[in-house]
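K.L.:
There's a structure below that I have some questions on.
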Number of protein chains: 2
Amino acid sequence: MAAATIRDVAKRAGVGVGTVSRVLNNHPAVSPATRELVEAAIAELNYSPNPSARRLSSGKSYTIGIVLPFFTQPSFVERLQGVVAALEDTPYDVIIYNVETVDRRNHYLRELPQRRHLDGLLIVSLPLSDEEGQQIARSGLPTVLIDSEHPALSRVVIDDVYGGMLATRHLLELGHRDIAYVSDMLGSPFGFVAGKHRLEGYRQALADAGIPFRPEFHGAAVWHGVREARETAAQLLRLSPRPTAIFASSDVQAVGVMQAAQDAGLQVPRDLSVIGYDDIYLAEYLHLTTVHQPLFTSGVEGVELLLEVIRRPDAPPRRIQLDVRLVPRQTTAPLVPSALPIEEVMTPG
Amino acid sequence: MAAATIRDVAKRAGVGVGTVSRVLNNHPAVSPATRELVEAAIAELNYSPNPSARRLSSGKSYTIGIVLPFFTQPSFVERLQGVVAALEDTPYDVIIYNVETVDRRNHYLRELPQRRHLDGLLIVSLPLSDEEGQQIARSGLPTVLIDSEHPALSRVVIDDVYGGMLATRHLLELGHRDIAYVSDMLGSPFGFVAGKHRLEGYRQALADAGIPFRPEFHGAAVWHGVREARETAAQLLRLSPRPTAIFASSDVQAVGVMQAAQDAGLQVPRDLSVIGYDDIYLAEYLHLTTVHQPLFTSGVEGVELLLEVIRRPDAPPRRIQLDVRLVPRQTTAPLVPSALPIEEVMTPG
DNA sequence: TTACTTTTTGGAACCGATTCCAAAGCCTGT
DNA sequence: ACAGGCTTTGGAATCGGTTCCAAAAAGTAA
């Protein structure tokens, strides 16, 4: 049999369609007796309202879009998981717009607010130009940025400058002075700023400790993969004097750094301290010292903020900042002053 | 201004709404001249059809559901990524139904086919009872199972028995004879069968090599986490004689096994060979020897199969089997006969 | 009881597409 | 020029909800 409609239910319960609709939407103006009648009919007919019809007539799409770069990267996946979890108990569906190229990014950022088909939009980690942010704000589509800033839009941000300082200070406190930094696709066409901010924190922590910044200790990996980080770290380790500690701007890159250490015959943390960033699911299992940033939570908070914006679209944009914290594990250790020269002699190349 | 509708376009182009609709849907019965006229109007008005209206009037939801246990586990994430990628160029949206409890599983499996709100359903890794599979098939909702079997439904399956054999044979060929197996939540209320199949393959490979199965070498982790595998492996390593190789039924569990090895002062692969299963994103970076199963591909193939079922709902169910293959890396090595006794003396406990 | 308010109810109109029938336009052959 | 067939077109009816107005029912005060 074809699925029951609201009219079938109305007929069965001996009421009008308006009344059934009111019951479905918990409208208060329904007497308890009538409500019961309608609910019985709904149960008997195994009725469940057609979402498409509901969307059309109510003029809402009950759909949230999420523009997400590199859905394959663990850190983005964890943010997405937070988003999905937070939307579980709402009437909203999510549509994932995976972005791998700048073209795609521009396409989505231009088109999604234009077409009026979403009730809300989440944009993850993608920096917007002044113009773009303004345009999205003007479009009227409720939008929240996660891990990205724009004054015209509500956003959930992470203080990556501070995170970079935390990581660097930790190494300084362990006695390291030759600290290198492996950054995450600084020159990416998306213009990700997290890596820049962490670099800034790194430089500031060094400056605070009275250590000059050495450009050759800044290894800029051209991509966010393990392989690139490995190669970049290998170069750093060939320097003389070589760094005794490396701060990688993501956990995935830290894995590459550790591989490079192994390649060079260095033991972590005895001969080289390594610290990552993100605290992805995996970091714990690798015993990786890292800076925890609330990935999952950023997704949850982003959704909550977005629901608020949907409820009150004209409220001024809000900015929520989430905390980072150091998670010391087993890939960082105090500098053993004597170790370095011996290693230098023993290690070929 | 409010978004343009199909009637606005029709008026602007000086044609009827039917004609506009035909242009939108590439219906052949439109003269080139008219088509151009309509397309110009669409461009001028920046028109894009309202999805809700389209869904309602066409009677299709253009929505695919995916029921997925433990969206937090890397292997499930990779299948999902395949699904999302394959749906990117289709008109379909995905809705993720994340399943963490049996209640949720039963709820979705009962309700989703009943309500007529999806155009198709993907079910990942969840075994169905005879009854359940029949019921879903009878419901008429096009459904494809990924990594699960039921004769009444189309499915994408992986030969895990063979995978288990591959892993075990690899260890046998390296000279190991004391091979343990750490299984993945065998007693889970979801009744996952992959772990069972891998165990079966393991036993068969042993039998083929003339080695009796030793129950104490089968460590059943009660959950699929790293921690549980670590504890289970620790127990195995306390046996005497201890296994010289461990086959973990997932890569995540293999990480736990390697931790247990480290805890016990054993070096991998010198003192203990470890092989995983899945070949998740991470395995490469851990140099983990493993059995590759096509996770991403299973998602892609699942979608393609589902689109086929949607096109021809009455065709008999198809079964697609994907291949597994051994990926030797650096956590397995030939057994060094002398190593074992020395280790046994040197290792405390 | 009556007059007036408040609560509850019925159902037509509407949301914006698709679909399909009837009609118009165009071609071809005689 | 016209019949007959094929292509192209217009637009009413439809999908299944929500919304809102008018009316019925119930409640309250006199």
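Residues in the structure tokens are named by chain (A, B, ... in the order shown) and by number from 1 within that chain; ligands are numbered from 1 in the order shown.
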For the contact check between range 44-78 of chain B and range 49-72 of chain A, emit one row per residue of range 44-78 of chain B within 12 Å, containing the shortest atom pair and the distance in Å rounded to one decimal, counting only C-alpha atoms, chain then rising number order, as CSV.
P.N.:
```
residue,atom,partner,partner_atom,distance
B:Asn50,CA,A:Leu56,CA,8.5
B:Pro51,CA,A:Ser61,CA,8.5
B:Ser52,CA,A:Leu56,CA,5.2
B:Ala53,CA,A:Leu56,CA,5.6
B:Arg54,CA,A:Ser52,CA,8.6
B:Arg55,CA,A:Ser52,CA,6.0
B:Leu56,CA,A:Ser52,CA,5.2
B:Ser57,CA,A:Ala53,CA,8.8
B:Ser58,CA,A:Ser52,CA,10.2
B:Gly59,CA,A:Ser52,CA,8.7
B:Lys60,CA,A:Ser52,CA,8.8
B:Ser61,CA,A:Ser52,CA,7.0
B:Tyr62,CA,A:Ser52,CA,10.0
B:Thr63,CA,A:Ser52,CA,10.5
B:Pro74,CA,A:Thr72,CA,10.6
B:Val77,CA,A:Thr72,CA,8.9
B:Glu78,CA,A:Thr72,CA,8.0
```
K.L.:
Produce a file of the selected residues containing N, CA and C atoms, as a short mmCIF file (atom, residue, chain, number, x, y, z; two decimals), in the first residue's frame.
P.N.:
```cif
data_model
loop_
_atom_site.label_atom_id
_atom_site.label_comp_id
_atom_site.auth_asym_id
_atom_site.auth_seq_id
_atom_site.Cartn_x
_atom_site.Cartn_y
_atom_site.Cartn_z
N ASN B 50 14.22 24.57 -6.59
CA ASN B 50 14.04 24.26 -5.18
C ASN B 50 14.01 22.74 -4.98
N PRO B 51 14.99 22.22 -4.24
CA PRO B 51 15.08 20.77 -4.10
C PRO B 51 13.86 20.16 -3.40
N SER B 52 13.32 20.87 -2.43
CA SER B 52 12.18 20.29 -1.72
C SER B 52 11.00 20.11 -2.66
N ALA B 53 10.76 21.14 -3.46
CA ALA B 53 9.64 21.06 -4.39
C ALA B 53 9.87 19.93 -5.39
N ARG B 54 11.09 19.85 -5.85
CA ARG B 54 11.41 18.81 -6.81
C ARG B 54 11.18 17.42 -6.20
N ARG B 55 11.62 17.26 -4.98
CA ARG B 55 11.46 15.97 -4.31
C ARG B 55 9.99 15.63 -4.16
N LEU B 56 9.24 16.62 -3.71
CA LEU B 56 7.83 16.34 -3.46
C LEU B 56 7.11 15.96 -4.74
N SER B 57 7.29 16.76 -5.75
CA SER B 57 6.49 16.51 -6.95
C SER B 57 6.97 15.27 -7.70
N SER B 58 8.24 14.98 -7.58
CA SER B 58 8.72 13.80 -8.32
C SER B 58 8.54 12.53 -7.50
N GLY B 59 8.22 12.70 -6.24
CA GLY B 59 8.01 11.52 -5.42
C GLY B 59 9.30 10.80 -5.04
N LYS B 60 10.43 11.41 -5.34
CA LYS B 60 11.70 10.83 -4.93
C LYS B 60 12.35 11.73 -3.88
N SER B 61 13.11 11.14 -3.00
CA SER B 61 13.70 11.96 -1.94
C SER B 61 15.12 12.39 -2.28
N TYR B 62 15.69 11.75 -3.31
CA TYR B 62 17.08 12.03 -3.67
C TYR B 62 17.99 11.97 -2.44
N THR B 63 17.69 11.03 -1.59
CA THR B 63 18.45 10.89 -0.36
C THR B 63 18.78 9.42 -0.13
N PRO B 74 38.38 4.29 12.55
CA PRO B 74 38.99 4.66 11.27
C PRO B 74 38.50 3.81 10.10
N VAL B 77 35.22 5.04 8.94
CA VAL B 77 35.38 6.35 8.34
C VAL B 77 35.84 6.21 6.89
N GLU B 78 36.78 5.30 6.66
CA GLU B 78 37.28 5.16 5.29
C GLU B 78 36.22 4.62 4.34
#
```
K.L.:
Could you list, with a cut-off of 12 Å and counting only C-alpha atoms (C1' of nucleotides), the residues of chain A near chain C, each shown with its nearest atom pair and the distance in Å rounded to one decimal, rows sorted by chain and ascending number, as a tab-separated table?
P.N.:
```
residue	atom	partner	partner_atom	distance
A:Arg7	CA	C:DG11	C1'	11.0
A:Ala10	CA	C:DG10	C1'	10.5
A:Lys11	CA	C:DG10	C1'	11.8
A:Gly14	CA	C:DG10	C1'	10.7
A:Val15	CA	C:DG10	C1'	7.6
A:Gly16	CA	C:DG10	C1'	5.2
A:Val17	CA	C:DG11	C1'	7.4
A:Gly18	CA	C:DG10	C1'	7.1
A:Thr19	CA	C:DT9	C1'	6.9
A:Val20	CA	C:DT9	C1'	10.6
A:Ser21	CA	C:DT9	C1'	11.9
A:Arg22	CA	C:DT9	C1'	10.6
A:His27	CA	C:DT8	C1'	11.5
A:Pro28	CA	C:DT8	C1'	10.1
A:Ala29	CA	C:DT8	C1'	6.4
A:Val30	CA	C:DT8	C1'	6.3
A:Ser31	CA	C:DT8	C1'	7.0
A:Pro32	CA	C:DT8	C1'	10.7
A:Ala33	CA	C:DT8	C1'	11.2
A:Thr34	CA	C:DT8	C1'	9.6
A:Arg35	CA	C:DT8	C1'	11.4
A:Ser52	CA	C:DC15	C1'	11.0
A:Ala53	CA	C:DC15	C1'	8.8
A:Arg54	CA	C:DC15	C1'	9.6
A:Arg55	CA	C:DC15	C1'	8.9
A:Leu56	CA	C:DC15	C1'	5.4
A:Ser57	CA	C:DC15	C1'	4.6
A:Ser58	CA	C:DC15	C1'	7.4
A:Gly59	CA	C:DC15	C1'	6.9
A:Lys60	CA	C:DC15	C1'	10.4
```
K.L.:
Could the residues of chain D that have an atom at most 9 Å from chain A be listed as a tab-separated table, each with its closest atom pair and the distance in Å to one decimal, counting only C-alpha atoms (C1' of nucleotides) and ordered by chain and ascending residue number?
P.N.:
```
residue	atom	partner	partner_atom	distance
D:DC15	C1'	A:Ala53	CA	7.8
D:DG16	C1'	A:Ala53	CA	5.0
D:DG17	C1'	A:Ala53	CA	4.6
D:DT18	C1'	A:Ser57	CA	5.4
D:DT19	C1'	A:Gly18	CA	8.6
```
K.L.:
Keeping only C-alpha atoms (C1' of nucleotides), write the selected residues as a PDB file, in the first residue's frame.
P.N.:
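So result07.pdb came out as:
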```
ATOM      1  C1'  DC D  15       2.533  15.662  -4.620  1.00  0.00           C
ATOM      2  C1'  DG D  16       1.725  16.109   1.095  1.00  0.00           C
ATOM      3  C1'  DG D  17       2.562  18.974   4.164  1.00  0.00           C
ATOM      4  C1'  DT D  18       1.770  24.102   6.863  1.00  0.00           C
ATOM      5  C1'  DT D  19      -0.725  28.232   7.675  1.00  0.00           C
TER       6       DT D  19
END
```
K.L.:
So which residues touch Ile310 in chain A within 9 Å, counting only C-alpha atoms (C1' of nucleotides), skipping near sequence neighbours fewer than 6 positions away, as a list in words?
P.N.:
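Neighbouring residues, sequence-local ones excluded: Asp119, Gly120, Leu141, Pro142 and Thr143 of chain A.
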K.L.:
When DSSP is applied to the backbone of this structure, which of range 146-179 of chain B are assigned helix (DSSP H, G or I)? Write them out as a PyMOL selection string.
P.N.:
chain B and resi 160-173
K.L.:
Please determine, counting only C-alpha atoms, which residue among A:His218, A:Lys196, A:Arg104, A:His117 has the shortest atom-to-atom distance to chain B.
P.N.:
A:His117
K.L.:
Measuring atom to atom with only C-alpha atoms, identify which of A:Thr90, A:Gln114, A:Ser240, A:Thr289 is nearest to chain B.
P.N.:
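Among A:Thr90, A:Gln114, A:Ser240, A:Thr289, it is A:Gln114 that comes nearest to chain B.
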K.L.:
I need the residue nearest chain B from this list: A:Ala220, A:Ala260, A:Ile123, A:Leu237. Use only C-alpha atoms for the distance.
P.N.:
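When distances to chain B are compared using only C-alpha atoms, the smallest one comes from A:Ala260.
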K.L.:
Report, in Å with one decimal, the straight-line distance from CA of Ile275 in chain A to CA of Ala234 in chain A.
P.N.:
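Here the two named atoms are 15.8 Å from each other.
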